[in-house]
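Everything below belongs to input.txt, which stores compact mmCIF, C-alpha atoms and all ligand atoms.
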# COMPACT_ATOMS: atom_id res chain seq x y z
CA MET A 1 -10.33 0.46 21.06
CA SER A 2 -9.68 -3.17 20.20
CA LEU A 3 -7.88 -5.72 22.36
CA ARG A 4 -4.67 -4.75 20.59
CA GLY A 5 -5.14 -1.06 21.52
CA THR A 6 -5.98 1.63 19.00
CA THR A 7 -7.75 0.55 15.82
CA PHE A 8 -6.24 1.38 12.43
CA LEU A 9 -8.64 4.28 11.88
CA GLU A 10 -8.00 5.65 15.37
CA SER A 11 -4.23 5.51 14.75
CA VAL A 12 -4.62 7.38 11.44
CA LEU A 13 -6.81 10.07 12.98
CA GLN A 14 -4.45 10.51 15.94
CA THR A 15 -1.55 11.12 13.57
CA LEU A 16 -3.68 13.50 11.51
CA LYS A 17 -4.64 15.48 14.62
CA ARG A 18 -1.00 15.79 15.64
CA ALA A 19 0.05 16.83 12.12
CA ILE A 20 -2.63 19.54 12.09
CA GLU A 21 -1.23 20.88 15.38
CA LEU A 22 2.41 20.60 14.30
CA GLY A 23 1.74 22.37 11.01
CA GLY A 24 -0.44 25.02 12.65
CA TYR A 25 -3.42 24.30 10.33
CA PRO A 26 -6.93 25.32 11.43
CA GLN A 27 -9.37 22.90 13.03
CA GLU A 28 -11.49 22.99 9.83
CA ALA A 29 -8.70 21.10 8.07
CA TYR A 30 -9.06 18.31 10.65
CA GLU A 31 -12.84 18.35 10.27
CA MET A 32 -12.56 17.88 6.51
CA LEU A 33 -9.77 15.31 6.52
CA SER A 34 -11.04 13.14 9.36
CA ARG A 35 -14.05 11.95 7.32
CA PRO A 36 -14.58 10.75 3.75
CA GLN A 37 -16.45 12.87 1.22
CA ARG A 38 -18.44 9.91 -0.08
CA ILE A 39 -18.98 6.24 0.71
CA VAL A 40 -20.52 4.00 -1.93
CA THR A 41 -21.90 0.62 -0.82
CA VAL A 42 -22.78 -1.97 -3.45
CA ASN A 43 -24.39 -5.39 -3.20
CA ILE A 44 -23.30 -7.64 -6.03
CA PRO A 45 -25.18 -10.82 -6.96
CA VAL A 46 -22.98 -13.60 -8.32
CA LYS A 47 -24.24 -16.87 -9.77
CA MET A 48 -22.00 -19.43 -8.10
CA ASP A 49 -20.84 -22.65 -9.74
CA ASN A 50 -23.47 -24.61 -7.76
CA GLY A 51 -26.20 -22.56 -9.47
CA LYS A 52 -27.14 -20.53 -6.40
CA ILE A 53 -26.94 -16.72 -6.18
CA GLN A 54 -24.66 -15.27 -3.53
CA ILE A 55 -24.68 -11.56 -2.69
CA PHE A 56 -21.33 -9.90 -1.93
CA THR A 57 -21.16 -6.51 -0.21
CA GLY A 58 -18.51 -4.09 -1.42
CA TYR A 59 -17.48 -0.52 -0.75
CA ARG A 60 -15.69 2.35 -2.40
CA VAL A 61 -14.65 5.05 0.03
CA GLN A 62 -13.86 8.37 -1.68
CA HIS A 63 -12.01 10.25 0.98
CA ASN A 64 -10.89 13.57 -0.47
CA ASN A 65 -10.42 14.93 -4.00
CA ALA A 66 -9.00 18.40 -3.35
CA LEU A 67 -5.82 17.54 -5.29
CA GLY A 68 -7.38 15.48 -8.09
CA PRO A 69 -9.33 12.29 -8.80
CA TYR A 70 -9.65 9.77 -5.99
CA LYS A 71 -7.00 7.05 -6.29
CA GLY A 72 -6.36 3.83 -4.42
CA GLY A 73 -6.68 0.07 -4.55
CA ILE A 74 -9.43 -2.49 -4.11
CA ARG A 75 -9.06 -5.09 -1.38
CA PHE A 76 -10.59 -8.59 -1.50
CA HIS A 77 -10.36 -10.08 1.98
CA PRO A 78 -12.81 -12.00 4.19
CA GLU A 79 -12.35 -9.66 7.15
CA VAL A 80 -12.65 -6.24 5.53
CA THR A 81 -14.91 -3.78 7.29
CA LEU A 82 -16.15 -0.35 6.32
CA GLU A 83 -14.09 1.18 9.12
CA GLU A 84 -10.92 -0.43 7.77
CA ASP A 85 -11.76 0.77 4.26
CA ILE A 86 -12.20 4.34 5.54
CA ALA A 87 -8.79 4.15 7.25
CA LEU A 88 -7.18 2.83 4.05
CA ALA A 89 -8.82 5.55 1.92
CA THR A 90 -7.66 8.22 4.36
CA VAL A 91 -4.07 6.97 4.18
CA MET A 92 -4.31 7.10 0.35
CA THR A 93 -5.20 10.81 0.46
CA PHE A 94 -2.03 11.49 2.43
CA LYS A 95 0.11 9.05 0.43
CA ASN A 96 -0.86 10.63 -2.88
CA SER A 97 -0.35 14.15 -1.59
CA LEU A 98 2.98 13.32 0.05
CA ASN A 99 4.35 11.98 -3.21
CA GLY A 100 3.30 15.02 -5.18
CA LEU A 101 0.66 13.20 -7.24
CA PRO A 102 -2.35 15.05 -8.69
CA TYR A 103 -4.71 12.73 -6.82
CA GLY A 104 -6.99 12.52 -3.84
CA GLY A 105 -7.48 9.29 -1.94
CA GLY A 106 -9.92 6.41 -2.18
CA LYS A 107 -10.11 2.70 -1.44
CA GLY A 108 -12.45 -0.13 -2.31
CA ALA A 109 -13.13 -3.42 -0.61
CA ILE A 110 -15.20 -6.56 -0.88
CA ALA A 111 -15.61 -8.98 2.02
CA VAL A 112 -14.72 -12.21 0.25
CA ASP A 113 -12.31 -15.09 0.62
CA TYR A 114 -11.18 -15.08 -3.00
CA LYS A 115 -9.23 -18.30 -2.49
CA LYS A 116 -12.58 -20.10 -2.12
CA LEU A 117 -13.94 -18.82 -5.46
CA SER A 118 -13.47 -20.51 -8.81
CA LYS A 119 -11.88 -18.41 -11.55
CA ARG A 120 -15.27 -17.91 -13.17
CA GLU A 121 -16.88 -16.79 -9.90
CA LEU A 122 -14.00 -14.37 -9.27
CA GLU A 123 -14.43 -12.91 -12.75
CA GLU A 124 -18.20 -12.48 -12.24
CA LEU A 125 -17.60 -10.75 -8.91
CA SER A 126 -14.93 -8.43 -10.35
CA ARG A 127 -17.10 -7.49 -13.33
CA GLY A 128 -20.10 -7.02 -11.04
CA TYR A 129 -18.14 -4.64 -8.83
CA ALA A 130 -16.93 -2.61 -11.82
CA ARG A 131 -20.51 -2.41 -13.17
CA ALA A 132 -21.94 -1.35 -9.84
CA LEU A 133 -19.27 1.31 -9.36
CA ALA A 134 -19.24 2.57 -12.95
CA PRO A 135 -21.30 5.72 -12.22
CA PHE A 136 -18.82 6.71 -9.50
CA ILE A 137 -15.44 6.06 -11.13
CA GLY A 138 -13.55 7.14 -14.28
CA PRO A 139 -10.09 8.31 -15.37
CA GLU A 140 -10.85 11.83 -14.14
CA VAL A 141 -13.09 10.80 -11.24
CA ASP A 142 -11.73 7.83 -9.31
CA ILE A 143 -9.05 5.40 -10.48
CA PRO A 144 -8.91 2.08 -8.63
CA ALA A 145 -6.00 -0.40 -8.65
CA PRO A 146 -5.08 -3.65 -6.87
CA ASP A 147 -4.54 -4.05 -3.14
CA VAL A 148 -4.47 -7.15 -0.92
CA GLY A 149 -6.23 -10.02 -2.73
CA THR A 150 -6.53 -8.38 -6.18
CA ASP A 151 -4.18 -8.45 -9.16
CA PRO A 152 -3.67 -7.38 -12.81
CA GLN A 153 -6.06 -10.06 -14.12
CA ILE A 154 -8.84 -8.62 -11.97
CA MET A 155 -7.98 -5.13 -13.26
CA ALA A 156 -8.22 -6.49 -16.82
CA TRP A 157 -11.76 -7.82 -16.20
CA MET A 158 -12.75 -4.55 -14.59
CA VAL A 159 -11.33 -2.29 -17.31
CA ASP A 160 -13.01 -4.50 -19.92
CA GLU A 161 -16.36 -4.28 -18.14
CA TYR A 162 -16.12 -0.51 -17.75
CA SER A 163 -15.08 -0.11 -21.40
CA LYS A 164 -18.05 -2.19 -22.55
CA MET A 165 -20.38 0.07 -20.61
CA THR A 166 -18.94 3.26 -22.08
CA GLY A 167 -18.74 1.79 -25.59
CA HIS A 168 -15.04 2.50 -26.07
CA ASN A 169 -11.71 1.53 -24.51
CA VAL A 170 -10.92 3.51 -21.35
CA PRO A 171 -7.41 2.48 -20.30
CA GLY A 172 -6.98 5.11 -17.58
CA VAL A 173 -9.83 4.03 -15.30
CA PHE A 174 -7.88 1.26 -13.51
CA THR A 175 -4.12 0.94 -13.04
CA ALA A 176 -1.76 -2.01 -12.55
CA LYS A 177 -3.29 -3.70 -15.57
CA PRO A 178 -1.55 -6.46 -17.53
CA VAL A 179 1.14 -5.05 -19.85
CA ILE A 180 -0.80 -6.05 -22.98
CA LEU A 181 -3.79 -4.06 -21.77
CA TRP A 182 -2.03 -0.68 -21.39
CA GLY A 183 -0.10 -1.63 -18.25
CA ASN A 184 3.59 -1.08 -17.59
CA PRO A 185 6.06 -3.87 -16.68
CA VAL A 186 7.38 -1.86 -13.71
CA ARG A 187 3.99 -1.87 -11.94
CA GLU A 188 4.29 -5.58 -11.04
CA TYR A 189 7.28 -4.92 -8.76
CA SER A 190 6.97 -1.20 -8.07
CA THR A 191 5.67 -1.38 -4.49
CA GLY A 192 8.47 -3.75 -3.44
CA PHE A 193 10.97 -1.64 -5.34
CA GLY A 194 9.81 1.44 -3.43
CA VAL A 195 10.09 -0.42 -0.12
CA ALA A 196 13.69 -1.31 -0.97
CA VAL A 197 14.56 2.22 -2.14
CA TRP A 198 13.25 3.71 1.12
CA ALA A 199 15.08 1.05 3.17
CA ARG A 200 18.31 1.71 1.24
CA GLU A 201 18.13 5.48 1.72
CA ALA A 202 17.34 5.19 5.45
CA ALA A 203 20.10 2.59 5.88
CA LYS A 204 22.59 5.01 4.33
CA LYS A 205 21.71 7.52 7.05
CA LEU A 206 21.65 4.98 9.89
CA TRP A 207 24.62 2.79 9.01
CA GLY A 208 26.27 4.26 5.93
CA GLY A 209 24.70 1.64 3.65
CA ILE A 210 22.40 -1.38 3.35
CA GLU A 211 25.04 -3.97 2.32
CA GLY A 212 24.94 -7.02 4.59
CA LYS A 213 22.11 -5.71 6.78
CA THR A 214 19.75 -8.49 7.88
CA VAL A 215 16.06 -8.32 6.98
CA ALA A 216 12.93 -10.13 8.19
CA ILE A 217 9.81 -9.88 6.05
CA GLN A 218 6.27 -10.63 7.14
CA GLY A 219 4.14 -11.34 4.06
CA PHE A 220 4.99 -12.93 0.74
CA GLY A 221 2.39 -11.41 -1.55
CA ASN A 222 3.28 -8.87 -4.22
CA VAL A 223 4.89 -6.43 -1.75
CA GLY A 224 6.73 -8.98 0.39
CA TYR A 225 8.17 -10.91 -2.53
CA TRP A 226 9.28 -7.96 -4.62
CA GLY A 227 10.49 -6.13 -1.52
CA ALA A 228 12.72 -9.14 -0.75
CA TYR A 229 13.86 -9.30 -4.38
CA TRP A 230 15.00 -5.67 -4.52
CA LEU A 231 16.44 -5.64 -1.01
CA GLU A 232 18.56 -8.66 -1.94
CA LYS A 233 19.59 -6.95 -5.20
CA MET A 234 20.66 -3.87 -3.25
CA GLY A 235 22.91 -5.97 -1.02
CA ALA A 236 20.82 -6.66 2.08
CA LYS A 237 20.55 -10.17 3.53
CA VAL A 238 17.01 -11.52 3.77
CA VAL A 239 17.00 -13.99 6.69
CA ALA A 240 13.28 -14.55 7.34
CA ILE A 241 10.12 -14.66 5.27
CA THR A 242 6.57 -15.63 6.18
CA ASP A 243 3.25 -15.88 4.36
CA SER A 244 -0.24 -16.04 5.89
CA ARG A 245 0.48 -19.47 7.38
CA GLY A 246 3.95 -18.79 8.85
CA GLY A 247 7.44 -19.06 7.44
CA VAL A 248 11.14 -19.72 7.66
CA TYR A 249 14.24 -18.20 9.26
CA ASN A 250 17.91 -18.77 8.54
CA PRO A 251 20.38 -16.43 10.29
CA SER A 252 22.92 -16.91 7.47
CA GLY A 253 20.44 -15.81 4.80
CA LEU A 254 17.71 -17.38 2.64
CA LYS A 255 17.96 -18.04 -1.07
CA LEU A 256 15.00 -16.07 -2.31
CA ALA A 257 14.65 -17.83 -5.67
CA GLU A 258 14.45 -21.21 -3.89
CA VAL A 259 11.92 -19.96 -1.34
CA LYS A 260 9.81 -18.55 -4.17
CA ALA A 261 9.93 -21.85 -6.05
CA VAL A 262 8.65 -23.69 -2.96
CA LYS A 263 5.87 -21.11 -2.50
CA ASP A 264 4.80 -21.45 -6.15
CA LYS A 265 4.81 -25.24 -5.96
CA THR A 266 3.23 -25.85 -2.55
CA SER A 267 1.45 -22.53 -1.91
CA THR A 268 3.41 -21.77 1.28
CA VAL A 269 6.99 -20.83 2.12
CA MET A 270 6.66 -23.04 5.22
CA ASN A 271 7.68 -26.08 3.16
CA TYR A 272 11.09 -24.59 2.36
CA GLU A 273 13.91 -26.62 3.93
CA SER A 274 17.69 -26.16 3.99
CA SER A 275 20.41 -26.62 6.58
CA GLY A 276 20.25 -23.97 9.29
CA THR A 277 16.68 -23.01 8.38
CA ARG A 278 13.92 -23.25 10.97
CA LYS A 279 10.21 -22.43 11.00
CA VAL A 280 8.84 -19.21 12.49
CA THR A 281 5.33 -18.01 13.19
CA ASN A 282 3.93 -14.69 12.03
CA ASP A 283 4.32 -13.31 15.55
CA GLU A 284 7.91 -14.56 15.97
CA VAL A 285 9.08 -13.09 12.67
CA LEU A 286 8.48 -9.60 14.02
CA GLU A 287 10.73 -10.19 17.02
CA LEU A 288 13.80 -11.72 15.37
CA PRO A 289 17.27 -10.21 15.97
CA VAL A 290 17.53 -8.39 12.62
CA ASP A 291 18.52 -4.90 11.47
CA ILE A 292 15.49 -4.29 9.26
CA LEU A 293 11.91 -5.46 9.68
CA VAL A 294 9.44 -5.25 6.79
CA PRO A 295 5.82 -5.88 7.78
CA ALA A 296 4.26 -6.44 4.35
CA ALA A 297 0.96 -8.15 5.16
CA LEU A 298 -1.90 -6.54 7.08
CA GLU A 299 -2.54 -3.77 9.58
CA ASN A 300 -2.09 -3.67 13.39
CA VAL A 301 0.51 -6.45 13.60
CA ILE A 302 2.91 -4.32 15.64
CA HIS A 303 0.90 -3.31 18.70
CA LYS A 304 1.48 -2.41 22.31
CA GLY A 305 1.61 -6.11 23.24
CA ASN A 306 4.75 -6.82 21.17
CA ALA A 307 6.35 -3.41 20.52
CA ASN A 308 8.83 -3.88 23.33
CA ASN A 309 10.05 -7.19 21.90
CA ILE A 310 11.01 -5.77 18.53
CA LYS A 311 14.76 -5.76 17.94
CA ALA A 312 15.05 -4.18 14.50
CA LYS A 313 16.36 -0.63 14.38
CA LEU A 314 14.59 0.10 11.10
CA ILE A 315 10.97 -0.81 10.30
CA VAL A 316 9.81 -0.38 6.71
CA GLU A 317 6.04 -0.48 6.35
CA GLY A 318 5.32 -2.47 3.21
CA ALA A 319 1.74 -2.97 4.45
CA ASN A 320 -0.70 -0.18 5.17
CA GLY A 321 -1.07 0.50 8.89
CA PRO A 322 1.01 -2.37 10.34
CA THR A 323 2.04 -0.31 13.41
CA THR A 324 -0.55 0.99 15.88
CA ALA A 325 -0.17 4.48 17.33
CA ASP A 326 0.54 3.00 20.81
CA ALA A 327 3.30 0.79 19.46
CA GLU A 328 4.83 3.64 17.52
CA LYS A 329 5.20 5.71 20.70
CA VAL A 330 7.09 2.87 22.38
CA LEU A 331 9.35 2.29 19.37
CA HIS A 332 10.05 5.97 18.78
CA THR A 333 11.19 6.36 22.39
CA LYS A 334 13.55 3.43 21.83
CA GLY A 335 15.04 5.23 18.81
CA VAL A 336 13.63 2.84 16.20
CA TRP A 337 13.08 4.42 12.78
CA ILE A 338 9.68 3.57 11.30
CA LEU A 339 9.38 4.40 7.61
CA PRO A 340 5.61 4.87 7.40
CA ASP A 341 3.26 3.28 4.87
CA LEU A 342 2.40 6.49 3.01
CA ALA A 343 6.10 6.85 2.21
CA ALA A 344 7.62 3.37 2.23
CA ASN A 345 4.97 1.58 0.17
CA ALA A 346 4.16 4.46 -2.19
CA GLY A 347 6.08 2.88 -5.09
CA GLY A 348 2.83 1.17 -6.11
CA VAL A 349 0.66 4.22 -6.44
CA VAL A 350 3.45 6.40 -7.84
CA MET A 351 3.89 3.82 -10.59
CA SER A 352 0.11 3.72 -11.02
CA TYR A 353 0.30 7.44 -11.66
CA LEU A 354 2.95 6.95 -14.36
CA GLU A 355 0.83 4.21 -15.96
CA TRP A 356 -2.22 6.52 -15.91
CA VAL A 357 -0.22 9.31 -17.57
CA GLU A 358 0.80 6.81 -20.27
CA ASP A 359 -2.81 5.67 -20.69
CA LEU A 360 -4.16 9.20 -21.05
CA GLN A 361 -1.64 9.84 -23.83
CA TRP A 362 -1.67 6.34 -25.36
CA TYR A 363 2.13 6.67 -25.30
CA PHE A 364 4.37 4.29 -23.35
CA TRP A 365 7.88 4.54 -21.90
CA ASP A 366 10.22 1.56 -21.79
CA GLU A 367 10.89 -0.27 -18.54
CA GLU A 368 14.15 1.45 -17.66
CA GLU A 369 12.89 4.94 -18.32
CA THR A 370 9.76 4.24 -16.28
CA ARG A 371 11.74 2.84 -13.34
CA ASN A 372 14.06 5.86 -13.38
CA ARG A 373 11.07 8.21 -13.31
CA LEU A 374 9.61 6.21 -10.42
CA GLU A 375 12.87 6.27 -8.45
CA ARG A 376 13.28 10.02 -8.95
CA ILE A 377 9.85 10.68 -7.45
CA LEU A 378 10.55 8.34 -4.50
CA LEU A 379 13.91 9.98 -3.76
CA ASP A 380 12.38 13.44 -3.89
CA THR A 381 9.77 12.35 -1.33
CA PHE A 382 12.45 10.75 0.85
CA ASN A 383 14.46 13.98 0.93
CA ARG A 384 11.43 16.13 1.68
CA VAL A 385 10.33 13.85 4.54
CA MET A 386 13.82 13.77 6.05
CA ASN A 387 14.10 17.59 5.85
CA ARG A 388 10.70 18.04 7.45
CA TRP A 389 11.60 15.53 10.18
CA ASN A 390 14.84 17.37 10.92
CA LYS A 391 13.04 20.69 11.09
CA LEU A 392 10.32 19.40 13.41
CA GLY A 393 12.86 17.67 15.68
CA MET A 394 13.75 14.02 15.22
CA SER A 395 13.30 13.14 18.88
CA GLN A 396 10.03 15.05 19.29
CA VAL A 397 8.14 13.77 16.28
CA THR A 398 7.96 10.50 14.41
CA ILE A 399 8.77 10.11 10.73
CA ARG A 400 5.08 9.42 10.16
CA GLU A 401 4.11 12.70 11.78
CA ALA A 402 6.65 14.57 9.64
CA ALA A 403 5.29 12.82 6.52
CA TYR A 404 1.71 13.69 7.49
CA VAL A 405 2.62 17.37 7.92
CA GLU A 406 4.26 17.33 4.51
CA ALA A 407 1.14 15.65 3.03
CA VAL A 408 -1.44 17.81 4.79
CA ASP A 409 0.33 20.96 3.61
CA ARG A 410 -0.55 20.37 -0.06
CA ILE A 411 -4.12 19.24 0.64
CA TYR A 412 -4.76 22.13 3.00
CA ASN A 413 -3.55 24.68 0.45
CA ALA A 414 -5.64 23.09 -2.29
CA MET A 415 -8.75 23.10 -0.10
CA LYS A 416 -8.05 26.69 0.88
CA VAL A 417 -7.71 28.09 -2.64
CA ARG A 418 -10.81 26.16 -3.67
CA GLY A 419 -12.69 27.91 -0.88
CA TRP A 420 -13.62 24.68 0.95
CA ILE A 421 -12.23 25.85 4.26
N1 LIG A 501 -3.06 -0.51 -3.11
C1 LIG A 501 -1.86 0.25 -3.25
C2 LIG A 501 -1.68 1.21 -2.09
O1 LIG A 501 -2.16 0.97 -1.01
C3 LIG A 501 -1.74 0.92 -4.60
C4 LIG A 501 -2.84 1.87 -4.97
C5 LIG A 501 -2.81 2.34 -6.41
O2 LIG A 501 -1.93 1.98 -7.17
O3 LIG A 501 -3.72 3.12 -6.74
O4 LIG A 501 -0.98 2.19 -2.17
Please express the file's structure as structure tokens.
Ligand code: GLU
Amino acid sequence: MSLRGTTFLESVLQTLKRAIELGGYPQEAYEMLSRPQRIVTVNIPVKMDNGKIQIFTGYRVQHNNALGPYKGGIRFHPEVTLEEDIALATVMTFKNSLNGLPYGGGKGAIAVDYKKLSKRELEELSRGYARALAPFIGPEVDIPAPDVGTDPQIMAWMVDEYSKMTGHNVPGVFTAKPVILWGNPVREYSTGFGVAVWAREAAKKLWGGIEGKTVAIQGFGNVGYWGAYWLEKMGAKVVAITDSRGGVYNPSGLKLAEVKAVKDKTSTVMNYESSGTRKVTNDEVLELPVDILVPAALENVIHKGNANNIKAKLIVEGANGPTTADAEKVLHTKGVWILPDLAANAGGVVMSYLEWVEDLQWYFWDEEETRNRLERILLDTFNRVMNRWNKLGMSQVTIREAAYVEAVDRIYNAMKVRGWI
């Protein structure tokens, strides 16, 4: 337990336990799924610009591969811990299963403040990580991608390093690569697109549509920005946006393109000014009087200390693990719909899957066809989760629990026919 209540890993395991009970799966399924199959720790020496060697510790947690190769991002963040990485890898197993992908779950992490590295140091670190992990990854083994703090450029360095080691180009070993290096243009915005699609579908059920609904977004990285972009495109009104330093709120709506321009120029949305706009902190943004709240930064931001202050009726988890289990109980009792991470932010990994399929075939779809394929998969998951939730009883179980049951079902059956349990 942390000061904020349950830790991320504890929250994940609690939901898993409940899903195992709800689905009537044997205890062995919990035993298998509550721990990773393999944890790789690597120590990477990097020659810094000042000539000194600094050693960075990184991980790759390979949680479960019953359904296929491990799949999940790599996080660069100063505060990552092994426990957090295990939680993130576990969520990936369920996310990939829920969305019908032929993947297990994995996640990598390096404890580093990438903003303090020069471009050359960042490249060295990324290549070093790919080299150290090379014996444990591969297009049919484990396929990493970006997460918080990593991007297509980093994937390009990593795929290049891996390809040099194998002696030939291996496009399918990392996803979310630059378009020129066997990426797909949809991947850049796919997580935010998925967030918006899930919000739109839930809004149809709650209010008959998303048009004019007000939205507050915590986080202005890849997920927060593209989430805002697609939500605005679908007719919602984005009224608040923050980045890691804090942000801005305007009840009559923000002009996203202008906010983005300020962020690009000054590195924070806090410098955005217009009449009727005021500053908000990262705590305040969660408690604004809005219809839809999108936590799109880090985990555990909605906890038992602030759950009661949340006014949104719909929470869309752009981040992984933003709501603790304690907070979710409070919000569920209040009738708030929480669209859980493994569903709401799956647009990223579903698109990664499409990119990987392209890479394996060296054959590429155009942007529109790819986006349509992505949307079809997301809508199918949405319908399955809603059906499962209805069947289990909307007031008795949370949407996350329903999604976990749906996810565990496939993994359990795969483990069973393999003879693992
Ligand atoms: N990091 C993203 C996630 O948490 C994407 C993973 C991927 O594309 O493999 O789902």
Please report, as CSV, each residue of chain A lying at most 9 Å from ligand LIG 501 (chain A), together with the nearest pair of atoms and the separation in Å rounded to one decimal; use all atoms listed in the file, and order rows by chain and ascending residue number.
residue,atom,partner,partner_atom,distance
A:Tyr70,CA,A:LIG501,O3,8.9
A:Lys71,CA,A:LIG501,O3,5.1
A:Gly72,CA,A:LIG501,O3,3.6
A:Gly73,CA,A:LIG501,N1,3.9
A:Ile74,CA,A:LIG501,N1,6.7
A:Arg75,CA,A:LIG501,N1,7.7
A:Leu88,CA,A:LIG501,O1,7.4
A:Ala89,CA,A:LIG501,O1,8.6
A:Val91,CA,A:LIG501,O1,8.2
A:Met92,CA,A:LIG501,O4,6.4
A:Lys95,CA,A:LIG501,O4,7.4
A:Asn96,CA,A:LIG501,O4,8.5
A:Gly105,CA,A:LIG501,O3,8.7
A:Gly106,CA,A:LIG501,O3,8.4
A:Lys107,CA,A:LIG501,N1,7.9
A:Ile143,CA,A:LIG501,O3,6.9
A:Pro144,CA,A:LIG501,O3,5.6
A:Ala145,CA,A:LIG501,O3,4.6
A:Pro146,CA,A:LIG501,N1,5.3
A:Asp147,CA,A:LIG501,N1,3.8
A:Val148,CA,A:LIG501,N1,7.1
A:Phe174,CA,A:LIG501,O3,8.2
A:Thr175,CA,A:LIG501,O2,6.4
A:Ala176,CA,A:LIG501,O2,6.7
A:Arg187,CA,A:LIG501,O2,8.5
A:Thr191,CA,A:LIG501,C3,7.8
A:Ala319,CA,A:LIG501,O1,7.8
A:Asn320,CA,A:LIG501,O1,6.5
A:Asp341,CA,A:LIG501,O4,8.3
A:Leu342,CA,A:LIG501,O4,7.5
A:Asn345,CA,A:LIG501,O4,6.4
A:Ala346,CA,A:LIG501,O4,5.6
A:Gly347,CA,A:LIG501,O4,7.7
A:Gly348,CA,A:LIG501,C3,4.8
A:Val349,CA,A:LIG501,O2,3.5
A:Val350,CA,A:LIG501,O2,7.0
A:Met351,CA,A:LIG501,O2,7.0
A:Ser352,CA,A:LIG501,O2,4.7
A:Tyr353,CA,A:LIG501,O2,7.4
Out of A:Asn383, A:Arg410, A:Val186, A:Glu211, which residue has the shortest atom-to-atom distance to A:Phe364 when counting all atoms listed in the file?
-> A:Val186
Would you list the contacts of A:Leu125 as an MDAnalysis selection string, taking every protein, DNA or RNA residue within 7 Å and counting only C-alpha atoms, but skipping same-chain residues closer than 4 positions in sequence?
-> chainID A and resid 46 121 129
Find the residues around A:Phe76 up to 12 Å (all atoms listed in the file counted), leave out those fewer than 5 positions away in its own chain, and share them as a ChimeraX atom specification.
-> /A:56-59,81,85,107-117,122,125-126,129,145-151,154
Separation of atom CA of A:Ile399 from atom CA of A:Arg38 in Å |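 Atom CA of A:Arg38 sits 29.3 Å away from atom CA of A:Ile399.
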Per residue of stretch 47-143 of chain A within 9 Å of stretch 6-9 of chain A, which atom pair is closest and at what distance in Å (one decimal), using all atoms listed in the file, listed by chain and increasing number, as a Markdown table?
| residue | atom | partner | partner_atom | distance |
| --- | --- | --- | --- | --- |
| A:Glu83 | CA | A:Leu9 | CA | 6.9 |
| A:Glu84 | CA | A:Leu9 | CA | 6.7 |
| A:Asp85 | CA | A:Leu9 | CA | 9.0 |
| A:Ile86 | CA | A:Leu9 | CA | 7.3 |
| A:Ala87 | CA | A:Leu9 | CA | 4.6 |
| A:Leu88 | CA | A:Leu9 | CA | 8.1 |
| A:Thr90 | CA | A:Leu9 | CA | 8.5 |
Quick one: residues within 8 Å of A:Pro295, only C-alpha atoms counted, chain neighbours fewer than 5 positions away excluded, as a compact mmCIF listing (two decimals) with C-alpha atoms, keeping the file's coordinate frame?
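Okay, this is what ended up in around.txt:
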# COMPACT_ATOMS: atom_id res chain seq x y z
CA ILE A 217 9.81 -9.88 6.05
CA GLN A 218 6.27 -10.63 7.14
CA GLY A 219 4.14 -11.34 4.06
CA LEU A 286 8.48 -9.60 14.02
CA VAL A 301 0.51 -6.45 13.60
CA ILE A 315 10.97 -0.81 10.30
CA VAL A 316 9.81 -0.38 6.71
CA GLU A 317 6.04 -0.48 6.35
CA GLY A 318 5.32 -2.47 3.21
CA ALA A 319 1.74 -2.97 4.45
CA PRO A 322 1.01 -2.37 10.34
What's the 8 Å shell around A:Leu378, counting only C-alpha atoms, without same-chain residues fewer than 4 positions away, as a PyMOL selection string?
-> chain A and resi 99+194+197-198+346-347+374+382
Quick one: pull the distance between atom CA of A:Thr281 and atom CA of A:Trp337, Å, one decimal.
->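 Between atom CA of A:Thr281 and atom CA of A:Trp337 the gap works out to 23.7 Å.
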What are the closest atom pairs, with distances in Å to one decimal, for each residue of stretch 35-61 of chain A lying within 12 Å of stretch 65-68 of chain A, using only C-alpha atoms, rows by chain and rising residue number, as JSON lines?
{"residue": "A:Pro36", "atom": "CA", "partner": "A:Asn65", "partner_atom": "CA", "distance": 9.7}
{"residue": "A:Gln37", "atom": "CA", "partner": "A:Asn65", "partner_atom": "CA", "distance": 8.2}
{"residue": "A:Arg38", "atom": "CA", "partner": "A:Asn65", "partner_atom": "CA", "distance": 10.2}
{"residue": "A:Val61", "atom": "CA", "partner": "A:Asn65", "partner_atom": "CA", "distance": 11.5}
Interatomic distance, atom CA of A:Lys17 to atom CA of A:Val141 (Å, one decimal) |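 Distance reported for this atom pair: 27.6 Å.
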Quick one: residues within 9 Å of A:Met48, only C-alpha atoms counted, chain neighbours fewer than 5 positions away excluded, as a list in words?
->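 My reading of the contact set: Ile53, Gln54, Leu117, Ser118, Arg120, Glu121 and Glu124 of chain A.
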Give as a VMD selection string the set of residues within 8 Å of the point (16.0, -7.6, 8.7), where distances use the file's coordinates and all atoms listed in the file.
-> chain A and resid 213 to 217 237 to 240 289 to 294 312
Determine, using only C-alpha atoms, which residues of stretch 204-230 of chain A have any atom at most 12 Å from an atom of stretch 260-276 of chain A, and tabulate each with its shortest atom pair and distance in Å to one decimal place, rows ordered by chain and then rising number, as a tab-separated table.
residue	atom	partner	partner_atom	distance
A:Ile217	CA	A:Val269	CA	12.0
A:Gln218	CA	A:Val269	CA	11.4
A:Gly219	CA	A:Val269	CA	10.1
A:Phe220	CA	A:Val269	CA	8.3
A:Gly221	CA	A:Lys263	CA	10.3
A:Asn222	CA	A:Lys260	CA	11.7
A:Gly224	CA	A:Lys260	CA	11.0
A:Tyr225	CA	A:Lys260	CA	8.0
A:Trp226	CA	A:Lys260	CA	10.6
A:Ala228	CA	A:Lys260	CA	10.4
A:Tyr229	CA	A:Lys260	CA	10.1
